[in-house]
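Below: the structure, in C-alpha cells.
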Amino acid sequence: MIELKNLHAKAGNFQLEDINLRIESGEYFVLLGPTGAGKTFLIECICGLRRVECGEVFINHRNVTHLEPADRHVGYVPQDYALFPTMTVYDNIAFGLKARRSSRIRTKVLEMADMLRISHLLERYPQSLSSGERQRVAVARALITEPDVLLLDEPLSALDPSTTESLCRELKRVQNQMRTTTVHVCHNFEEMLMVADRTGILNAGKLVQVGKPEEIFRRPKTEFVARFVRSRNIFVGHATFQNGECRINLGELTISCQAEARGKVCFSIRPEEISISPVKPPDECGNILIGAIQRIELKGALTEIEVDVGVIIVSWMLTPAFARLNLDVGSQVYVHFEADAVNILQSDEREQGGEEL
C-alpha cells in the first residue's frame, strides 16, 4: 500500500502540488501524463531519490517520508534499467540479495529467472541482450528482494509495439503472481489499458483524475483529460435543465444529455460512441444530426470520419463496418449518439507544464 498525503516537492521551476493518493496493496497502478507532467519526479519522491518539501509518504502504513531509499523496501526500475555492464545477468539479479547477505541466493535467482523466463540468459552480459531482455532482467533484480512496492519508470519506452504488448502481458502476469503493489509510469494510453487496475492522470505537477481505465476513458473530468485520452469531440455550449431533461444549444444544434447542467458548459463525446448511417435511424437512437462527410482516414482496424453537421464531429468506426456503407467524402449522412454519451467537463486550471523530471 502507498499513501501520499498533501505532498509538495520542488526541483528548479517545477513543482508537485498537493498530491493526495492512495494505492491499495497488490494494486497495479499506472501514472499517466504528457512529457513534463512530473511523473518521474513523483515516483522518485516515493522511493526517496527526491526530497519532499512538505507532506508525507507512507508505504504499508509506515511513514517513510524522511527515510533513505535503502530503508524504504522499494524496488525501482529506472528508464535506462541501470544494469551493471561488468556483471552477468545472474550477478545483476543477485545483487540485492548479496547486499543483504541472503543464505538462499542461488535458489532465489533461479526461481526469479524462471518466473520472468530468462533462465537461458543468466551467464550473459547486459550489452549482449535486447531491450526486452534487459527490461526483464531489471524487473527480476527489483523483485528479488521481495519489496513492498515496485516502481517502474517508463519500462517499455524503448521497445517496439509488438514487444511492448508482449511485455505488458508479462508484467501483469508476474504482478498477479507476486501481488506486489506496483506503480508504472508511462505516457501511452494503450500501454496503460493493458496493465492498469487503476490509473492517475498527472498534468503540470497536479493529479487531475484518478479512477479505473474505463472511467477515465469514457468519463474524463476536465478538458485536458478529455484531450489526453483522445475524446476528439470537445465543444462549448449553453445548457438548460427543465422537467428533468438537459439540453445543450451548440450553435443551431440542440443536443440531449443525461447530466444536470445549466449555463455555459464544456462537453465531450467519444468518437466510438458516434454512429454514422446513410439512412435516418429510429427516433429512439437519441441525438440525430444530419451532415456531410468532410474527411475519411483509415487507421488500421478503425476508420476515422469527420462529418460537418454545423460543427465538425469525429466518429471512429470499425473499418469493415464503415466499408459496407459505401460512403465517400461529400456523402450526406446521419450522425447519431445516445444522450449518455455526452460527458460534461469541469473547467481546466490551465497550467504550464515543466521539464520532465
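In the C-alpha cells, chains take the letters A, B, ... in the order shown, each chain's residues start at 1, and ligands count up from 1 in the order shown.
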### Task
Considering only C-alpha atoms, return as a list in words whatever protein or nucleic-acid residues lie within 8 Å of stretch 69-85 of chain A, sequence-local ones (same chain, fewer than 4 positions apart) excluded.
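Counting only the stated atoms, we get Cys47, Gly48, Leu49, Ile59, Val64, Asn92, Tyr125, Pro126, Gln127, Arg134, Gln135, Ala138, Val139, Ala142, Leu143, Thr145, Pro147, Asp148, Val149, Leu150, Leu151, Leu152, Asp153, Glu154, Pro155 and Ser157 of chain A.
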Using N, CA, C and O atoms, can you export the residues from the last selection as an mmCIF file, in the first residue's frame?
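As a result, selection_23.cif now contains:
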```cif
data_model
loop_
_atom_site.group_PDB
_atom_site.id
_atom_site.type_symbol
_atom_site.label_atom_id
_atom_site.label_comp_id
_atom_site.auth_asym_id
_atom_site.auth_seq_id
_atom_site.Cartn_x
_atom_site.Cartn_y
_atom_site.Cartn_z
ATOM 1 N N CYS A 47 10.292 6.775 -3.777
ATOM 2 C CA CYS A 47 11.396 5.879 -3.443
ATOM 3 C C CYS A 47 12.518 6.576 -2.677
ATOM 4 O O CYS A 47 13.467 5.920 -2.228
ATOM 5 N N GLY A 48 12.430 7.908 -2.506
ATOM 6 C CA GLY A 48 13.403 8.611 -1.682
ATOM 7 C C GLY A 48 14.537 9.262 -2.430
ATOM 8 O O GLY A 48 15.467 9.799 -1.806
ATOM 9 N N LEU A 49 14.512 9.247 -3.756
ATOM 10 C CA LEU A 49 15.577 9.883 -4.530
ATOM 11 C C LEU A 49 15.404 11.394 -4.621
ATOM 12 O O LEU A 49 16.336 12.106 -5.003
ATOM 13 N N ILE A 59 4.298 3.823 3.167
ATOM 14 C CA ILE A 59 4.350 2.538 2.473
ATOM 15 C C ILE A 59 3.981 1.463 3.478
ATOM 16 O O ILE A 59 4.628 1.326 4.531
ATOM 17 N N VAL A 64 7.571 6.796 5.651
ATOM 18 C CA VAL A 64 8.939 6.696 5.128
ATOM 19 C C VAL A 64 9.435 8.033 4.586
ATOM 20 O O VAL A 64 10.478 8.087 3.925
ATOM 21 N N ASN A 92 23.684 -9.590 -11.714
ATOM 22 C CA ASN A 92 22.806 -8.422 -11.639
ATOM 23 C C ASN A 92 21.571 -8.727 -10.797
ATOM 24 O O ASN A 92 21.195 -7.945 -9.921
ATOM 25 N N TYR A 125 25.955 -11.096 -20.553
ATOM 26 C CA TYR A 125 26.162 -9.753 -20.029
ATOM 27 C C TYR A 125 25.117 -8.806 -20.637
ATOM 28 O O TYR A 125 24.610 -9.034 -21.758
ATOM 29 N N PRO A 126 24.767 -7.708 -19.939
ATOM 30 C CA PRO A 126 23.697 -6.822 -20.411
ATOM 31 C C PRO A 126 23.864 -6.306 -21.835
ATOM 32 O O PRO A 126 22.876 -6.182 -22.570
ATOM 33 N N GLN A 127 25.097 -6.009 -22.244
ATOM 34 C CA GLN A 127 25.295 -5.432 -23.576
ATOM 35 C C GLN A 127 24.953 -6.412 -24.705
ATOM 36 O O GLN A 127 24.786 -5.994 -25.853
ATOM 37 N N ARG A 134 16.714 -6.934 -21.421
ATOM 38 C CA ARG A 134 17.247 -6.084 -20.347
ATOM 39 C C ARG A 134 16.132 -5.642 -19.398
ATOM 40 O O ARG A 134 16.338 -5.574 -18.184
ATOM 41 N N GLN A 135 14.969 -5.376 -19.976
ATOM 42 C CA GLN A 135 13.842 -4.971 -19.130
ATOM 43 C C GLN A 135 13.466 -6.082 -18.163
ATOM 44 O O GLN A 135 13.236 -5.841 -16.973
ATOM 45 N N ALA A 138 16.040 -6.296 -15.370
ATOM 46 C CA ALA A 138 15.896 -5.195 -14.415
ATOM 47 C C ALA A 138 14.715 -5.436 -13.470
ATOM 48 O O ALA A 138 14.804 -5.153 -12.269
ATOM 49 N N VAL A 139 13.615 -5.947 -14.004
ATOM 50 C CA VAL A 139 12.454 -6.252 -13.157
ATOM 51 C C VAL A 139 12.793 -7.373 -12.184
ATOM 52 O O VAL A 139 12.436 -7.325 -10.995
ATOM 53 N N ALA A 142 14.800 -6.024 -9.364
ATOM 54 C CA ALA A 142 13.999 -5.210 -8.451
ATOM 55 C C ALA A 142 13.104 -6.072 -7.554
ATOM 56 O O ALA A 142 12.843 -5.713 -6.409
ATOM 57 N N LEU A 143 12.627 -7.213 -8.083
ATOM 58 C CA LEU A 143 11.689 -8.048 -7.339
ATOM 59 C C LEU A 143 12.359 -9.086 -6.442
ATOM 60 O O LEU A 143 11.717 -9.637 -5.544
ATOM 61 N N THR A 145 14.317 -9.069 -4.000
ATOM 62 C CA THR A 145 14.360 -8.818 -2.552
ATOM 63 C C THR A 145 12.964 -8.756 -1.937
ATOM 64 O O THR A 145 12.816 -8.411 -0.765
ATOM 65 N N PRO A 147 10.244 -6.660 -2.470
ATOM 66 C CA PRO A 147 9.937 -5.324 -1.938
ATOM 67 C C PRO A 147 8.445 -5.155 -1.655
ATOM 68 O O PRO A 147 7.611 -5.876 -2.197
ATOM 69 N N ASP A 148 8.132 -4.179 -0.806
ATOM 70 C CA ASP A 148 6.728 -3.863 -0.542
ATOM 71 C C ASP A 148 6.085 -3.213 -1.763
ATOM 72 O O ASP A 148 4.878 -3.346 -1.989
ATOM 73 N N VAL A 149 6.901 -2.495 -2.538
ATOM 74 C CA VAL A 149 6.398 -1.710 -3.671
ATOM 75 C C VAL A 149 7.379 -1.840 -4.827
ATOM 76 O O VAL A 149 8.595 -1.839 -4.627
ATOM 77 N N LEU A 150 6.848 -1.952 -6.054
ATOM 78 C CA LEU A 150 7.667 -1.950 -7.263
ATOM 79 C C LEU A 150 7.338 -0.695 -8.060
ATOM 80 O O LEU A 150 6.172 -0.447 -8.394
ATOM 81 N N LEU A 151 8.360 0.114 -8.384
ATOM 82 C CA LEU A 151 8.196 1.341 -9.158
ATOM 83 C C LEU A 151 8.867 1.166 -10.511
ATOM 84 O O LEU A 151 10.064 0.879 -10.587
ATOM 85 N N LEU A 152 8.099 1.337 -11.583
ATOM 86 C CA LEU A 152 8.587 1.146 -12.953
ATOM 87 C C LEU A 152 8.495 2.472 -13.698
ATOM 88 O O LEU A 152 7.399 2.974 -13.958
ATOM 89 N N ASP A 153 9.633 3.039 -14.050
ATOM 90 C CA ASP A 153 9.653 4.337 -14.726
ATOM 91 C C ASP A 153 9.811 4.138 -16.227
ATOM 92 O O ASP A 153 10.902 3.824 -16.713
ATOM 93 N N GLU A 154 8.719 4.324 -16.969
ATOM 94 C CA GLU A 154 8.712 4.157 -18.427
ATOM 95 C C GLU A 154 9.410 2.856 -18.822
ATOM 96 O O GLU A 154 10.344 2.853 -19.645
ATOM 97 N N PRO A 155 8.980 1.726 -18.297
ATOM 98 C CA PRO A 155 9.727 0.479 -18.522
ATOM 99 C C PRO A 155 9.686 -0.022 -19.953
ATOM 100 O O PRO A 155 10.519 -0.847 -20.335
ATOM 101 N N SER A 157 9.405 2.137 -22.808
ATOM 102 C CA SER A 157 9.519 3.254 -23.757
ATOM 103 C C SER A 157 10.495 2.970 -24.895
ATOM 104 O O SER A 157 10.382 3.551 -25.969
#
```
### Task
Using only C-alpha atoms, determine which residues lie at most 7 Å from A:Leu7, disregarding the query and same-chain residues fewer than 6 positions distant; provide the list as a list in words.
Glu17, Asp18, Ile19, Asn20, Cys54, Gly55 and Glu56 of chain A
### Message
Residues of stretch 50-205 of chain A classed as helix (DSSP H, G or I) by DSSP on the backbone are to be reported as a PyMOL selection string.
### Response
chain A and resi 69-71+89-99+105-115+119-121+126-128+131-143+161-178+189-195
### Task
Find the residues around A:Ala140 up to 7 Å (only C-alpha atoms counted), leave out those fewer than 3 positions away in its own chain, and share them as number ranges by chain.
A: 93, 112-113, 116, 136-137, 143-144
### Selection near A:Ser347, 10 Å with only C-alpha atoms, sequence-local residues under 3 positions removed, as a list of chain:residue names
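The contact residues come out as A:Lys221, A:Thr222, A:Glu223, A:Phe224, A:Val265, A:Cys266, A:Ile344, A:Arg350.
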Produce a table with one row for each residue of stretch 134-238 of chain A that has an atom at most 7 Å from any atom of stretch 269-277 of chain A, each row naming the nearest atom pair and its distance in Å at one decimal; use only C-alpha atoms; arrange rows by chain and rising residue number; format as CSV.
```
residue,atom,partner,partner_atom,distance
A:Ser231,CA,A:Arg270,CA,4.6
A:Arg232,CA,A:Arg270,CA,6.7
A:Asn233,CA,A:Ile269,CA,5.3
A:Ile234,CA,A:Ile269,CA,6.8
```
Once you have the residues from the selection above, write them out as a short mmCIF file (atom, residue, chain, number, x, y, z; two decimals), in the first residue's frame, restricted to N, CA and C atoms.
```cif
data_model
loop_
_atom_site.label_atom_id
_atom_site.label_comp_id
_atom_site.auth_asym_id
_atom_site.auth_seq_id
_atom_site.Cartn_x
_atom_site.Cartn_y
_atom_site.Cartn_z
N SER A 231 -10.60 12.15 -26.75
CA SER A 231 -12.06 12.21 -26.93
C SER A 231 -12.41 12.88 -28.26
N ARG A 232 -11.57 13.77 -28.74
CA ARG A 232 -11.69 14.42 -30.05
C ARG A 232 -12.86 15.40 -30.14
N ASN A 233 -14.05 14.98 -29.78
CA ASN A 233 -15.23 15.85 -29.90
C ASN A 233 -15.41 16.62 -28.59
N ILE A 234 -14.89 17.84 -28.55
CA ILE A 234 -14.97 18.68 -27.36
C ILE A 234 -15.56 20.02 -27.78
#
```
### Query
For A:Thr182, which of A:Gly291, A:Gly205, A:Glu27, A:His120 is the closest residue, counting only C-alpha atoms?
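That would be A:Glu27, the residue with the smallest distance to A:Thr182.
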#### Entry: Long-range neighbours of A:His187 as number ranges by chain, 12 Å cut-off, only C-alpha atoms, 6 positions minimum in chain
A: 30-40, 153-157, 193, 199-203, 228-229, 356
### Task
Could you find all residues in stretch 197-310 of chain A that DSSP calls strand (DSSP E) from the backbone, and write them as a PyMOL selection string?
chain A and resi 198-203+206-211+233-242+245-250+253-257+263-269+275-277+287-299+302-308
### Query
Which of these residues is nearest to A:Ile43, using only C-alpha atoms: A:Cys168, A:Met87, A:Leu110, A:Cys186?
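Checking each of A:Cys168, A:Met87, A:Leu110, A:Cys186 against A:Ile43, counting only C-alpha atoms, the winner is A:Cys186.
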Extract, using only C-alpha atoms, all DNA, RNA and protein residues at most 8 Å from stretch 322-329 of chain A, discarding same-chain residues fewer than 4 positions from it, and format them as a PDB file with C-alpha atoms, in the first residue's frame.
```pdb
ATOM      1  CA  SER A 277     -25.675   5.973 -41.324  1.00  0.00           C
ATOM      2  CA  PRO A 278     -26.801   6.895 -44.844  1.00  0.00           C
ATOM      3  CA  ALA A 292     -21.836  15.761 -44.984  1.00  0.00           C
ATOM      4  CA  ILE A 293     -18.626  13.746 -44.720  1.00  0.00           C
ATOM      5  CA  GLN A 294     -15.566  16.037 -44.888  1.00  0.00           C
ATOM      6  CA  ARG A 295     -12.723  13.562 -44.390  1.00  0.00           C
ATOM      7  CA  ILE A 296     -12.142   9.794 -44.226  1.00  0.00           C
ATOM      8  CA  THR A 303     -11.670   4.343 -39.799  1.00  0.00           C
ATOM      9  CA  MET A 317     -15.995   3.007 -36.854  1.00  0.00           C
ATOM     10  CA  LEU A 318     -14.652  -0.489 -37.420  1.00  0.00           C
TER      11      LEU A 318
END
```
#### Entry: Using only C-alpha atoms: which of A:Arg51, A:His184, A:Lys10, A:Arg173 has the shortest distance to A:Ile23
A:His184
